[in-house]
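What follows is the content of data02.cif (mmCIF, C-alpha atoms).
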```cif
data_my_file
#
loop_
_atom_site.label_atom_id
_atom_site.label_comp_id
_atom_site.auth_asym_id
_atom_site.auth_seq_id
_atom_site.Cartn_x
_atom_site.Cartn_y
_atom_site.Cartn_z
CA MET A 29 -63.76 6.58 -34.29
CA SER A 30 -65.13 3.35 -35.73
CA SER A 31 -61.91 2.82 -37.73
CA LEU A 32 -59.88 2.92 -34.50
CA VAL A 33 -61.94 0.38 -32.53
CA LEU A 34 -64.40 -2.32 -33.65
CA ASN A 35 -66.34 -4.81 -31.54
CA PHE A 36 -66.43 -8.42 -32.71
CA GLN A 37 -69.85 -8.11 -34.33
CA GLU A 38 -68.74 -5.06 -36.33
CA MET A 39 -65.81 -6.87 -37.93
CA LYS A 40 -66.01 -8.06 -41.53
CA ASN A 41 -64.08 -10.97 -43.00
CA THR A 42 -62.38 -8.57 -45.44
CA GLN A 43 -60.73 -6.53 -42.69
CA LEU A 44 -57.55 -8.55 -42.09
CA LEU A 45 -55.39 -5.45 -42.51
CA TYR A 46 -57.41 -3.67 -39.80
CA VAL A 47 -57.96 -6.36 -37.16
CA GLY A 48 -55.22 -8.95 -37.82
CA GLY A 49 -55.58 -12.71 -38.03
CA LYS A 50 -56.70 -13.33 -34.44
CA GLY A 51 -59.23 -10.49 -34.58
CA LEU A 52 -60.61 -11.66 -37.91
CA ASN A 53 -61.15 -15.19 -36.61
CA LEU A 54 -62.76 -13.95 -33.38
CA GLY A 55 -65.13 -11.79 -35.41
CA GLU A 56 -66.16 -14.83 -37.46
CA LEU A 57 -66.46 -17.06 -34.38
CA SER A 58 -68.82 -14.59 -32.70
CA LYS A 59 -71.19 -14.93 -35.67
CA ILE A 60 -71.49 -18.74 -35.53
CA GLU A 61 -74.80 -19.81 -34.04
CA GLY A 62 -74.40 -21.83 -30.85
CA ILE A 63 -70.75 -20.85 -30.27
CA GLN A 64 -70.01 -18.90 -27.08
CA VAL A 65 -67.27 -16.26 -27.44
CA PRO A 66 -66.38 -13.88 -24.57
CA GLU A 67 -67.34 -10.37 -25.67
CA GLY A 68 -64.76 -7.79 -26.57
CA PHE A 69 -63.40 -5.32 -29.08
CA CYS A 70 -60.38 -4.71 -31.27
CA VAL A 71 -58.07 -1.69 -31.36
CA THR A 72 -57.37 -1.75 -35.10
CA THR A 73 -54.01 -1.38 -36.82
CA VAL A 74 -54.91 2.26 -37.49
CA GLY A 75 -54.01 2.98 -33.86
CA TYR A 76 -50.65 1.24 -34.21
CA GLN A 77 -49.86 3.14 -37.41
CA LYS A 78 -50.70 6.44 -35.70
CA VAL A 79 -48.08 5.63 -33.06
CA ILE A 80 -45.24 4.89 -35.47
CA GLU A 81 -45.97 6.88 -38.64
CA GLN A 82 -44.19 10.12 -37.61
CA ASN A 83 -41.35 8.55 -35.62
CA GLU A 84 -38.17 8.96 -37.69
CA THR A 85 -36.00 6.93 -35.30
CA TYR A 86 -38.42 3.99 -35.58
CA HIS A 87 -38.29 4.06 -39.38
CA ALA A 88 -34.49 4.33 -39.42
CA LEU A 89 -34.18 1.28 -37.16
CA LEU A 90 -36.76 -0.61 -39.22
CA ASN A 91 -34.75 0.05 -42.39
CA ARG A 92 -31.66 -1.35 -40.68
CA LEU A 93 -33.63 -4.42 -39.60
CA THR A 94 -34.78 -5.15 -43.16
CA MET A 95 -31.12 -5.37 -44.28
CA LEU A 96 -30.30 -8.19 -41.84
CA ASN A 97 -30.41 -11.97 -42.31
CA VAL A 98 -31.62 -14.63 -39.87
CA GLU A 99 -28.01 -15.39 -38.94
CA ASP A 100 -27.46 -11.85 -37.61
CA ARG A 101 -28.96 -12.72 -34.22
CA ASP A 102 -27.02 -10.19 -32.12
CA GLN A 103 -27.93 -7.24 -34.38
CA ILE A 104 -31.54 -8.43 -34.62
CA GLY A 105 -31.76 -8.52 -30.83
CA GLU A 106 -30.24 -5.05 -30.40
CA ILE A 107 -32.38 -3.29 -33.04
CA SER A 108 -35.57 -5.09 -31.99
CA ARG A 109 -35.02 -4.02 -28.36
CA LYS A 110 -34.63 -0.39 -29.40
CA ILE A 111 -37.81 -0.50 -31.52
CA ARG A 112 -39.78 -2.03 -28.64
CA GLN A 113 -38.54 0.70 -26.31
CA ILE A 114 -39.60 3.43 -28.74
CA ILE A 115 -43.12 2.00 -29.04
CA LEU A 116 -43.48 1.67 -25.26
CA GLU A 117 -42.40 5.27 -24.68
CA VAL A 118 -44.66 6.87 -27.32
CA GLU A 119 -47.84 8.36 -25.89
CA ILE A 120 -50.99 6.67 -27.15
CA PRO A 121 -52.87 9.14 -29.42
CA SER A 122 -55.79 10.86 -27.68
CA ASP A 123 -58.37 9.67 -30.22
CA VAL A 124 -57.28 6.05 -29.62
CA VAL A 125 -57.59 6.56 -25.86
CA LYS A 126 -61.04 8.11 -26.32
CA ALA A 127 -62.24 5.20 -28.50
CA VAL A 128 -60.94 2.54 -26.07
CA THR A 129 -62.54 4.38 -23.13
CA GLN A 130 -65.90 4.51 -24.90
CA TYR A 131 -65.90 0.77 -25.61
CA LEU A 132 -64.73 -0.09 -22.10
CA SER A 133 -67.66 1.88 -20.69
CA GLN A 134 -70.02 -0.28 -22.79
CA PHE A 135 -68.54 -3.58 -21.61
CA GLY A 136 -67.78 -2.50 -18.03
CA GLU A 137 -64.50 -0.86 -17.05
CA GLU A 138 -64.50 -2.66 -13.70
CA HIS A 139 -64.26 -6.09 -15.32
CA ALA A 140 -61.05 -8.02 -15.97
CA TYR A 141 -59.87 -8.33 -19.58
CA ALA A 142 -57.41 -10.27 -21.66
CA VAL A 143 -55.28 -7.98 -23.84
CA ARG A 144 -54.10 -9.95 -26.86
CA SER A 145 -51.94 -9.19 -29.89
CA SER A 146 -53.38 -9.71 -33.38
CA ALA A 147 -50.87 -9.21 -36.20
CA THR A 148 -51.85 -8.92 -39.85
CA ALA A 149 -49.51 -11.87 -40.54
CA GLU A 150 -50.97 -14.18 -37.90
CA ASP A 151 -53.37 -17.14 -37.70
CA LEU A 152 -53.38 -17.42 -41.50
CA PRO A 153 -53.95 -20.66 -43.47
CA TYR A 154 -50.27 -20.71 -44.50
CA ALA A 155 -48.53 -19.20 -41.42
CA SER A 156 -49.72 -19.36 -37.83
CA PHE A 157 -47.28 -17.07 -35.92
CA ALA A 158 -48.75 -18.75 -32.82
CA GLY A 159 -47.11 -17.40 -29.67
CA GLN A 160 -44.94 -14.89 -31.52
CA GLN A 161 -46.64 -11.79 -30.06
CA ASP A 162 -47.67 -11.21 -26.45
CA THR A 163 -50.92 -11.82 -24.55
CA TYR A 164 -51.73 -10.42 -21.09
CA LEU A 165 -54.44 -11.93 -18.89
CA ASN A 166 -56.66 -10.54 -16.13
CA ILE A 167 -55.92 -6.86 -16.72
CA ILE A 168 -58.16 -4.54 -14.67
CA GLY A 169 -58.72 -0.81 -15.14
CA LYS A 170 -58.48 1.59 -18.09
CA GLU A 171 -54.92 2.75 -17.43
CA ALA A 172 -53.62 -0.81 -17.08
CA ILE A 173 -55.41 -1.85 -20.28
CA LEU A 174 -53.93 1.09 -22.22
CA GLN A 175 -50.47 0.26 -20.87
CA HIS A 176 -50.80 -3.35 -22.04
CA ILE A 177 -52.04 -2.25 -25.46
CA SER A 178 -48.66 -0.52 -25.86
CA LYS A 179 -46.92 -3.70 -24.69
CA CYS A 180 -48.76 -5.70 -27.34
CA TRP A 181 -47.73 -3.21 -30.04
CA ALA A 182 -44.12 -3.52 -28.89
CA SER A 183 -44.28 -7.33 -28.98
CA LEU A 184 -44.48 -7.14 -32.78
CA PHE A 185 -40.72 -6.78 -32.48
CA THR A 186 -39.79 -9.55 -30.09
CA ASP A 187 -36.73 -11.40 -31.38
CA ARG A 188 -38.76 -14.53 -32.09
CA ALA A 189 -41.42 -12.61 -34.07
CA VAL A 190 -38.79 -10.79 -36.15
CA ILE A 191 -36.90 -14.01 -36.94
CA TYR A 192 -40.12 -15.88 -37.76
CA ARG A 193 -41.06 -13.16 -40.27
CA MET A 194 -37.62 -13.40 -41.86
CA GLN A 195 -37.87 -17.18 -42.13
CA ASN A 196 -41.31 -16.98 -43.75
CA GLY A 197 -40.62 -14.11 -46.14
CA PHE A 198 -42.76 -11.41 -44.50
CA ASP A 199 -41.74 -7.77 -44.92
CA HIS A 200 -41.42 -6.07 -41.49
CA CYS A 201 -42.69 -2.82 -43.05
CA GLN A 202 -45.91 -4.47 -44.22
CA VAL A 203 -46.90 -6.20 -40.96
CA PHE A 204 -49.02 -4.24 -38.45
CA LEU A 205 -50.59 -5.09 -35.14
CA ALA A 206 -54.13 -4.81 -33.80
CA VAL A 207 -54.95 -5.49 -30.15
CA ILE A 208 -57.86 -7.57 -28.87
CA VAL A 209 -59.41 -6.51 -25.56
CA GLN A 210 -61.62 -9.41 -24.49
CA ARG A 211 -63.66 -9.99 -21.35
CA MET A 212 -61.91 -12.50 -19.11
CA VAL A 213 -63.58 -15.73 -18.15
CA PHE A 214 -62.17 -17.74 -15.26
CA PRO A 215 -62.42 -21.42 -16.18
CA GLN A 216 -62.12 -24.54 -14.12
CA ALA A 217 -60.57 -26.19 -17.21
CA SER A 218 -59.17 -25.10 -20.55
CA GLY A 219 -57.11 -26.39 -23.42
CA ILE A 220 -56.72 -26.89 -27.15
CA LEU A 221 -58.79 -28.87 -29.62
CA PHE A 222 -57.48 -30.02 -33.02
CA THR A 223 -60.13 -31.13 -35.51
CA ALA A 224 -57.45 -33.26 -37.20
CA ASP A 225 -55.02 -35.37 -35.19
CA PRO A 226 -51.77 -33.32 -35.12
CA ILE A 227 -49.68 -36.49 -34.70
CA THR A 228 -51.13 -38.71 -37.45
CA SER A 229 -52.80 -35.97 -39.57
CA ASN A 230 -55.97 -38.09 -39.56
CA ARG A 231 -58.80 -35.68 -40.42
CA LYS A 232 -61.37 -38.05 -38.92
CA VAL A 233 -59.85 -37.96 -35.41
CA ILE A 234 -60.35 -35.01 -33.06
CA SER A 235 -57.59 -34.49 -30.48
CA ILE A 236 -58.34 -32.58 -27.26
CA ASP A 237 -55.74 -31.41 -24.72
CA ALA A 238 -57.21 -30.39 -21.36
CA SER A 239 -55.87 -29.12 -18.04
CA PHE A 240 -57.16 -27.28 -14.99
CA GLY A 241 -57.31 -23.47 -14.76
CA LEU A 242 -56.27 -21.05 -17.49
CA GLY A 243 -54.73 -22.30 -20.71
CA GLU A 244 -51.45 -20.50 -20.05
CA ALA A 245 -50.16 -23.48 -18.08
CA LEU A 246 -50.67 -25.70 -21.12
CA VAL A 247 -49.38 -23.45 -23.90
CA SER A 248 -46.30 -22.45 -21.89
CA GLY A 249 -45.42 -26.09 -21.26
CA LEU A 250 -45.86 -25.75 -17.52
CA VAL A 251 -48.03 -28.88 -17.29
CA SER A 252 -48.74 -32.06 -19.22
CA ALA A 253 -52.37 -32.15 -20.23
CA ASP A 254 -54.92 -34.91 -20.53
CA CYS A 255 -55.31 -36.02 -24.16
CA TYR A 256 -58.59 -37.37 -25.55
CA LYS A 257 -59.18 -38.69 -29.07
CA VAL A 258 -62.68 -38.71 -30.58
CA GLN A 259 -63.66 -40.37 -33.84
CA GLU A 260 -67.16 -40.42 -35.34
CA GLY A 261 -68.78 -39.44 -32.04
CA GLU A 262 -66.91 -41.98 -29.90
CA ILE A 263 -63.98 -41.57 -27.52
CA VAL A 264 -61.31 -43.88 -28.95
CA ASP A 265 -58.39 -43.00 -26.68
CA LYS A 266 -57.72 -41.26 -23.34
CA ARG A 267 -54.46 -40.42 -21.62
CA ILE A 268 -54.80 -38.90 -18.15
CA ALA A 269 -51.75 -36.85 -17.14
CA ALA A 270 -50.55 -35.92 -13.67
CA LYS A 271 -51.40 -32.22 -13.59
CA LYS A 272 -49.37 -30.81 -10.68
CA LEU A 273 -49.77 -27.09 -11.46
CA ALA A 274 -52.44 -24.72 -12.75
CA VAL A 275 -52.58 -21.00 -13.57
CA TYR A 276 -55.43 -18.97 -12.08
CA GLY A 277 -56.42 -15.30 -12.15
CA ARG A 278 -55.86 -13.15 -9.06
CA LYS A 279 -58.54 -10.81 -7.69
CA GLU A 280 -56.23 -7.80 -7.89
CA GLY A 281 -55.28 -8.63 -11.50
CA GLY A 282 -52.67 -10.76 -13.21
CA THR A 283 -52.20 -14.50 -12.78
CA GLU A 284 -50.50 -16.89 -10.41
CA THR A 285 -49.37 -20.51 -10.54
CA GLN A 286 -50.82 -22.80 -7.90
CA GLN A 287 -50.14 -26.37 -6.79
CA ILE A 288 -53.02 -28.75 -7.48
CA ASP A 289 -54.20 -30.95 -4.63
CA PRO A 290 -52.49 -34.37 -4.96
CA GLU A 291 -55.88 -36.14 -4.99
CA GLN A 292 -56.97 -34.05 -7.99
CA GLN A 293 -53.76 -34.30 -10.01
CA LYS A 294 -54.66 -37.52 -11.81
CA THR A 295 -58.37 -36.76 -12.04
CA GLN A 296 -59.78 -36.66 -15.57
CA THR A 297 -60.17 -32.97 -16.48
CA LEU A 298 -63.33 -33.38 -18.60
CA THR A 299 -66.17 -35.87 -18.22
CA GLU A 300 -67.08 -38.20 -21.09
CA GLN A 301 -70.11 -36.10 -21.89
CA GLN A 302 -68.07 -32.89 -21.92
CA ILE A 303 -65.46 -34.47 -24.23
CA LEU A 304 -68.11 -35.43 -26.78
CA GLN A 305 -69.84 -32.05 -26.49
CA LEU A 306 -66.55 -30.25 -27.13
CA ALA A 307 -65.84 -32.51 -30.11
CA ARG A 308 -69.20 -31.56 -31.64
CA ILE A 309 -68.38 -27.87 -31.14
CA GLY A 310 -65.06 -28.43 -32.90
CA ARG A 311 -66.71 -30.06 -35.92
CA HIS A 312 -69.24 -27.21 -36.04
CA ILE A 313 -66.45 -24.60 -36.16
CA GLU A 314 -64.48 -26.63 -38.72
CA ALA A 315 -67.52 -26.82 -41.00
CA TYR A 316 -67.97 -23.05 -40.76
CA PHE A 317 -64.36 -22.23 -41.70
CA GLY A 318 -64.08 -25.07 -44.22
CA CYS A 319 -60.73 -26.48 -43.06
CA PRO A 320 -59.18 -28.24 -40.03
CA GLN A 321 -58.93 -25.94 -37.02
CA ASP A 322 -56.70 -25.41 -33.99
CA ILE A 323 -59.16 -24.18 -31.33
CA GLU A 324 -58.54 -22.67 -27.89
CA TRP A 325 -61.40 -23.34 -25.44
CA CYS A 326 -62.24 -22.97 -21.77
CA LEU A 327 -64.96 -24.43 -19.55
CA VAL A 328 -66.89 -22.17 -17.17
CA ASP A 329 -69.83 -23.61 -15.19
CA ASP A 330 -70.58 -26.33 -17.78
CA THR A 331 -70.42 -23.84 -20.67
CA PHE A 332 -67.66 -24.05 -23.27
CA TYR A 333 -66.28 -20.70 -24.42
CA ILE A 334 -64.17 -20.47 -27.57
CA ILE A 335 -61.42 -17.88 -27.34
CA GLN A 336 -59.61 -18.58 -30.62
CA SER A 337 -59.69 -20.69 -33.76
CA ARG A 338 -57.05 -20.77 -36.46
CA PRO A 339 -56.29 -23.05 -39.43
CA ILE A 340 -53.92 -25.96 -38.73
CA THR A 341 -50.93 -25.05 -40.89
CA THR A 342 -48.87 -28.21 -40.38
CA LEU A 343 -51.19 -30.67 -42.18
CA TYR A 344 -50.13 -31.88 -45.59
CA PRO A 345 -52.96 -31.14 -48.03
CA ILE A 346 -54.88 -34.15 -49.28
CA PRO A 347 -56.62 -34.75 -52.62
CA GLU A 348 -60.33 -34.03 -52.46
CA ALA A 349 -62.77 -36.92 -52.88
CA ASN A 350 -66.55 -36.79 -53.17
CA ASP A 351 -67.15 -39.22 -50.33
CA GLN A 352 -65.98 -39.93 -46.79
CA GLU A 353 -64.41 -43.33 -47.56
CA ASN A 354 -60.81 -44.19 -46.69
CA ARG A 355 -58.50 -43.74 -49.66
CA VAL A 356 -54.91 -44.59 -50.56
CA TYR A 357 -52.93 -42.38 -52.93
CA VAL A 358 -49.54 -43.04 -54.51
CA SER A 359 -47.29 -40.12 -55.44
CA VAL A 360 -46.65 -40.02 -59.18
CA GLY A 361 -43.59 -37.84 -58.76
CA HIS A 362 -41.91 -40.22 -56.32
CA GLN A 363 -42.47 -43.08 -58.80
CA GLN A 364 -40.60 -40.98 -61.38
CA MET A 365 -37.85 -39.92 -58.91
CA MET A 366 -39.35 -36.37 -59.02
CA THR A 367 -39.62 -35.60 -55.32
CA ASP A 368 -39.87 -31.80 -55.46
CA PRO A 369 -43.21 -30.03 -55.86
CA MET A 370 -44.19 -29.06 -59.40
CA LYS A 371 -45.37 -25.67 -60.61
CA PRO A 372 -49.00 -25.25 -61.75
CA LEU A 373 -48.09 -25.36 -65.46
CA GLY A 374 -46.16 -28.60 -64.95
CA LEU A 375 -49.04 -30.15 -62.99
CA SER A 376 -51.54 -29.15 -65.66
CA PHE A 377 -49.37 -30.42 -68.54
CA PHE A 378 -48.69 -33.74 -66.79
CA GLN A 379 -52.41 -34.30 -66.13
CA PHE A 380 -53.38 -33.31 -69.67
CA THR A 381 -50.94 -35.63 -71.44
CA ASN A 382 -51.22 -38.70 -69.20
CA PRO A 383 -54.13 -41.16 -69.53
CA ALA A 384 -54.21 -41.99 -65.81
CA PRO A 385 -56.60 -39.84 -63.72
CA MET A 386 -54.52 -37.89 -61.22
CA ARG A 387 -55.29 -35.61 -58.28
CA LYS A 388 -53.29 -32.63 -57.04
CA ALA A 389 -52.14 -31.97 -53.49
CA GLY A 390 -49.21 -29.97 -52.15
CA GLY A 391 -47.78 -29.29 -55.61
CA ARG A 392 -47.66 -33.00 -56.42
CA LEU A 393 -49.76 -35.50 -58.38
CA PHE A 394 -51.30 -38.64 -56.92
CA VAL A 395 -53.08 -41.71 -58.29
CA ASP A 396 -55.94 -43.20 -56.27
CA VAL A 397 -55.02 -46.89 -55.91
CA THR A 398 -57.86 -47.70 -53.47
CA PRO A 399 -59.94 -49.73 -55.98
CA MET A 400 -56.92 -51.85 -56.99
CA LEU A 401 -56.01 -52.55 -53.37
CA ALA A 402 -59.62 -53.44 -52.59
CA SER A 403 -59.68 -56.02 -55.38
CA ARG A 404 -56.16 -57.27 -54.56
CA ASP A 405 -55.06 -57.18 -58.19
CA ASN A 406 -51.40 -57.04 -59.34
CA ILE A 407 -50.91 -53.45 -58.20
CA LEU A 408 -48.71 -54.63 -55.32
CA ASN A 409 -46.36 -56.52 -57.61
CA TYR A 410 -46.37 -53.73 -60.20
CA LEU A 411 -45.39 -51.04 -57.72
CA GLY A 412 -43.17 -53.39 -55.76
CA GLN A 413 -40.92 -53.93 -58.78
CA SER A 414 -39.98 -50.25 -58.85
CA ASP A 415 -40.07 -49.53 -55.12
CA PRO A 416 -40.18 -52.32 -52.50
CA LEU A 417 -40.77 -49.76 -49.74
CA ILE A 418 -44.05 -48.67 -51.34
CA LYS A 419 -45.10 -52.31 -51.58
CA ASP A 420 -44.37 -52.78 -47.86
CA ALA A 421 -46.36 -49.63 -47.03
CA LEU A 422 -49.34 -50.80 -49.08
CA MET A 423 -49.20 -54.25 -47.46
CA THR A 424 -49.34 -52.54 -44.05
CA VAL A 425 -52.41 -50.57 -45.15
CA ILE A 426 -54.12 -53.79 -46.29
CA GLU A 427 -53.27 -55.62 -43.06
CA ARG A 428 -54.84 -52.81 -41.02
CA ASP A 429 -58.16 -53.30 -42.85
CA PHE A 430 -58.00 -49.62 -43.78
CA ILE A 431 -60.03 -50.28 -46.94
CA LYS A 432 -62.86 -52.68 -47.68
CA THR A 433 -62.02 -55.82 -49.67
CA LEU A 434 -63.95 -56.55 -52.85
CA PRO A 435 -64.91 -60.14 -53.81
CA ASP A 436 -62.20 -62.09 -55.64
CA ASP A 437 -64.04 -61.97 -58.98
CA ASN A 438 -64.59 -58.21 -58.78
CA THR A 439 -61.42 -56.85 -60.37
CA VAL A 440 -60.77 -53.24 -61.16
CA PRO A 441 -58.65 -52.08 -64.11
CA SER A 442 -55.48 -50.33 -63.01
CA PRO A 443 -55.16 -46.67 -63.94
CA ILE A 444 -51.38 -46.91 -63.78
CA LYS A 445 -49.90 -47.67 -67.18
CA SER A 446 -46.34 -48.11 -68.25
CA ASN A 447 -44.65 -45.65 -70.60
CA ALA A 448 -44.78 -48.28 -73.34
CA ASP A 449 -48.57 -48.58 -72.97
CA THR A 450 -48.92 -44.81 -73.16
CA MET A 451 -46.67 -44.57 -76.24
CA ARG A 452 -48.64 -47.32 -78.04
CA GLU A 453 -51.86 -45.44 -77.33
CA ILE A 454 -50.43 -42.25 -78.82
CA GLU A 455 -48.89 -44.07 -81.81
CA ASN A 456 -52.15 -45.83 -82.62
CA ASN A 457 -54.21 -42.67 -82.39
CA PRO A 458 -52.72 -39.89 -84.54
CA SER A 459 -55.75 -37.65 -83.93
CA ILE A 460 -54.57 -37.08 -80.38
CA VAL A 461 -51.97 -34.60 -81.63
CA PRO A 462 -54.32 -31.97 -83.11
CA ASP A 463 -56.64 -32.53 -80.14
CA LEU A 464 -53.81 -31.73 -77.75
CA ILE A 465 -52.82 -28.66 -79.79
CA LYS A 466 -56.38 -27.38 -79.60
#
```
Rewrite the coordinates I just gave you, this time as C-alpha cells.
Amino acid sequence: MSSLVLNFQEMKNTQLLYVGGKGLNLGELSKIEGIQVPEGFCVTTVGYQKVIEQNETYHALLNRLTMLNVEDRDQIGEISRKIRQIILEVEIPSDVVKAVTQYLSQFGEEHAYAVRSSATAEDLPYASFAGQQDTYLNIIGKEAILQHISKCWASLFTDRAVIYRMQNGFDHCQVFLAVIVQRMVFPQASGILFTADPITSNRKVISIDASFGLGEALVSGLVSADCYKVQEGEIVDKRIAAKKLAVYGRKEGGTETQQIDPEQQKTQTLTEQQILQLARIGRHIEAYFGCPQDIEWCLVDDTFYIIQSRPITTLYPIPEANDQENRVYVSVGHQQMMTDPMKPLGLSFFQFTNPAPMRKAGGRLFVDVTPMLASRDNILNYLGQSDPLIKDALMTVIERDFIKTLPDDNTVPSPIKSNADTMREIENNPSIVPDLIK
C-alpha cells in the first residue's frame, strides 16, 4: 500500500517517477527546518498506471496522439478529449481507494483539501509545465476527493498539456501523473515569490507578488497584485495595485470570487515586516535547493505557509564566480559572429587552445571584463572597434556605478588578445604542440 500513497515525510528525492515534480518538491520543502508546509499525501503514479494499463482504447488513442504534430490542433483536441473521458469513466482501483481512505483518516476526513496534479515532467529545472494540469481547491469528503483525483489524472491530457509536451520533446507514453492531496489553509493573503527578479534576471533582487485571499485570483490573472522588491534585506521598490477581487473558500466546499471593499482595495497586502520575513524564507529555500526558486506562499494568522517551490526555468545561466561582487561578462562567440550555442567538445577545445581565461554559461563562452572596466583601460576602445553596441552597453554599465573603480595607476592586463598575439605566442613556443597533443 505504501507504493500507492506516500505522505510528504515518506517521500525521497529519488522518487520523481512516483510522485512527480510538484510532489518531489513538496516532500523536500517539508524537510526544511523552519519552513511551514500544509500536511498532506501523494497518490503516486502507480495508481494512475493501474487505471490505464489494461485499457486498450486508451493505448490506441495514445498511439494516434504520438503521430501528430503541434500544428494538428483539431485532431489533438479530439483525441485528447476522448482520452480524458476514458480516464474519468474508469473506476478507481479498490486498493487505491483503500490507501487514500487510510491516509484521509489520519489527517481528518472532515477537513477541506486541495487536490493537485503532479506530473513526472513538471516543476523540473529545465521545464516547468506550470498550470498545464489541473488543481482543485477546498474539496471536502472522501467521495469528492476521489472524484477530483480522477479529474487530475484526466488533466494530463488537456490540450495545453499535450501541446506543451510536444513543443518540449516529451513522450506522452513516458509521462505519468501523481496527485497531491494537501490540507487546505484559508489565507488572508497569498502570492508568488521569485528569488531572482523575473524581469531583470537580477539574482540579488527578490520579487514578491501579493494579493488578498487564495492565490487563484493571482495565477488566473483575475487581479493585479502588489509587487515588492527586496535586495540585501531592504525593500527597494513597492507598487501597490488596486485589488478589486479576491477568491475565498466556501464552507460547503469549492471557491467563490468576492468583491473587495473599496477602502481595502489599495491597501498594502503585506506589512514591511512581513515582506522582509517572507524574503528571508525565500532565501532559505533557495539555499536548500541550490538555485533560484519560484515559490507559492500564503499567509494565515501571521504564519507563512509554503505550498510549492520550483526552479525558475526562464533565467539565463550565469558563469559562476567565487564571490558576491558584481561582474560583467562579454560573449566570446558574439565577438566572433558565432551566436549559436556550442557543444561541450567545442567549448572544451576553445578553452584549451585559447590563452584567455573563459567561463561557460548556456552553451557559450564568456570573458570576465570586470577588472578592465574597473581600471578604465583601453578595453572600451578595443571592443568598440569591433562592435560599437557593446561599447555603448559597457559605457552604460560604468555610468550606473555597477562596478567599483580602481585608482588611475592601478591597471589590469587585458585577458582579451588578438589572433595575431595568439599566433605569435604559438609560433614562439614550439613546445606547446606536444603539450596540446598530450
Work out how far apart CA of Met212 in chain A and CA of Val275 in chain A are and give it in Å to one decimal.
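Distance reported for this atom pair: 13.8 Å.
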At a cut-off of 7 Å, using all atoms listed in the file, what residues contact range 71-88 of chain A? Leave out same-chain residues fewer than 5 positions from it and give the result as a list in words.
Ser31, Leu32, Val33, Leu34, Tyr46, Val47, Ile111, Ile114, Val118, Ile120, Pro121, Val124, Trp181, Phe204, Leu205, Ala206, Val207 and Ile208 of chain A
Picked residues, the PyMOL selection byres ((chain A and resi 194) around 12), as a CSV table (one decimal) with C-alpha atoms, in the frame of the given file:
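In the end it all went to out_22.csv:
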```csv
chain,number,residue,atom,x,y,z
A,93,LEU,CA,-33.6,-4.4,-39.6
A,94,THR,CA,-34.8,-5.2,-43.2
A,95,MET,CA,-31.1,-5.4,-44.3
A,96,LEU,CA,-30.3,-8.2,-41.8
A,97,ASN,CA,-30.4,-12.0,-42.3
A,98,VAL,CA,-31.6,-14.6,-39.9
A,99,GLU,CA,-28.0,-15.4,-38.9
A,100,ASP,CA,-27.5,-11.8,-37.6
A,101,ARG,CA,-29.0,-12.7,-34.2
A,104,ILE,CA,-31.5,-8.4,-34.6
A,157,PHE,CA,-47.3,-17.1,-35.9
A,185,PHE,CA,-40.7,-6.8,-32.5
A,187,ASP,CA,-36.7,-11.4,-31.4
A,188,ARG,CA,-38.8,-14.5,-32.1
A,189,ALA,CA,-41.4,-12.6,-34.1
A,190,VAL,CA,-38.8,-10.8,-36.2
A,191,ILE,CA,-36.9,-14.0,-36.9
A,192,TYR,CA,-40.1,-15.9,-37.8
A,193,ARG,CA,-41.1,-13.2,-40.3
A,195,GLN,CA,-37.9,-17.2,-42.1
A,196,ASN,CA,-41.3,-17.0,-43.8
A,197,GLY,CA,-40.6,-14.1,-46.1
A,198,PHE,CA,-42.8,-11.4,-44.5
A,199,ASP,CA,-41.7,-7.8,-44.9
A,200,HIS,CA,-41.4,-6.1,-41.5
A,201,CYS,CA,-42.7,-2.8,-43.0
A,203,VAL,CA,-46.9,-6.2,-41.0
```
Where does the PyMOL selection byres ((chain A and resi 272) around 8) land in this file, that is, which residues does it pick, as a list in words?
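Checked against the file, the PyMOL selection byres ((chain A and resi 272) around 8) matches Val251, Ala270, Lys271, Leu273, Ala274, Gln287, Ile288, Asp289, Pro290 and Gln293 of chain A.
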Return as a tab-separated table the residues of range 188-244 of chain A lying at most 9 Å from range 295-317 of chain A, together with the closest atom-to-atom pair for each and the distance in Å to one decimal, counting all atoms listed in the file, with rows in chain order and ascending residue number.
```
residue	atom	partner	partner_atom	distance
A:Gln216	CA	A:Thr297	CA	9.0
A:Ala217	CA	A:Thr297	CA	6.8
A:Ser218	CA	A:Thr297	CA	8.9
A:Leu221	CA	A:Gly310	CA	7.1
A:Phe222	CA	A:Gly310	CA	7.7
A:Thr223	CA	A:Gly310	CA	6.2
A:Ile234	CA	A:Ala307	CA	6.7
A:Ser235	CA	A:Ala307	CA	8.5
A:Ile236	CA	A:Ile303	CA	8.0
A:Ala238	CA	A:Thr297	CA	6.3
A:Ser239	CA	A:Thr297	CA	6.0
A:Phe240	CA	A:Thr297	CA	6.6
```
Could you work out an axis-aligned bounding box for all listed atoms of range 275-286 of chain A, with 5 Å added on each of the six sides, and give its centre and edge lengths in Å to one decimal, as AutoDock Vina command-line options?
```
--center_x -54.0 --center_y -15.3 --center_z -10.6 --size_x 19.2 --size_y 25.0 --size_z 15.9
```
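The gap separating CA of Gln259 in chain A from CA of Met386 in chain A is 29.0 Å, in Å to one decimal.
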May I ask which of the residues A:Asp420, A:Asp330, A:Glu280, A:Glu38 is the closest one to Glu138 in chain A, counting only C-alpha atoms?
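Distance minimum relative to Glu138 in chain A lands on A:Glu280.
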Go through A:Asp351, A:Glu106, A:Glu427, A:Asp254 one by one, measure the shortest atom-to-atom distance of each to Leu89 in chain A using only C-alpha atoms, and give the residue with the smallest value.
A:Glu106
CA of Leu408 in chain A to CA of His362 in chain A: how many Å, to one decimal?
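CA of His362 in chain A lies at a distance of 16.0 Å from CA of Leu408 in chain A.
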Coordinates of range 368-378 of chain A, C-alpha atoms, as a short mmCIF file (atom, residue, chain, number, x, y, z; two decimals), in the first residue's frame:
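decode.cif was written with the following content:
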```
data_model
loop_
_atom_site.label_atom_id
_atom_site.label_comp_id
_atom_site.auth_asym_id
_atom_site.auth_seq_id
_atom_site.Cartn_x
_atom_site.Cartn_y
_atom_site.Cartn_z
CA ASP A 368 24.59 29.85 -31.57
CA PRO A 369 25.41 27.74 -28.51
CA MET A 370 28.40 25.43 -28.81
CA LYS A 371 28.55 21.73 -28.00
CA PRO A 372 30.61 20.56 -25.00
CA LEU A 373 33.52 19.37 -27.18
CA GLY A 374 33.66 22.74 -28.93
CA LEU A 375 33.58 24.61 -25.62
CA SER A 376 36.34 22.45 -24.19
CA PHE A 377 38.54 22.76 -27.30
CA PHE A 378 38.08 26.54 -27.47
#
```
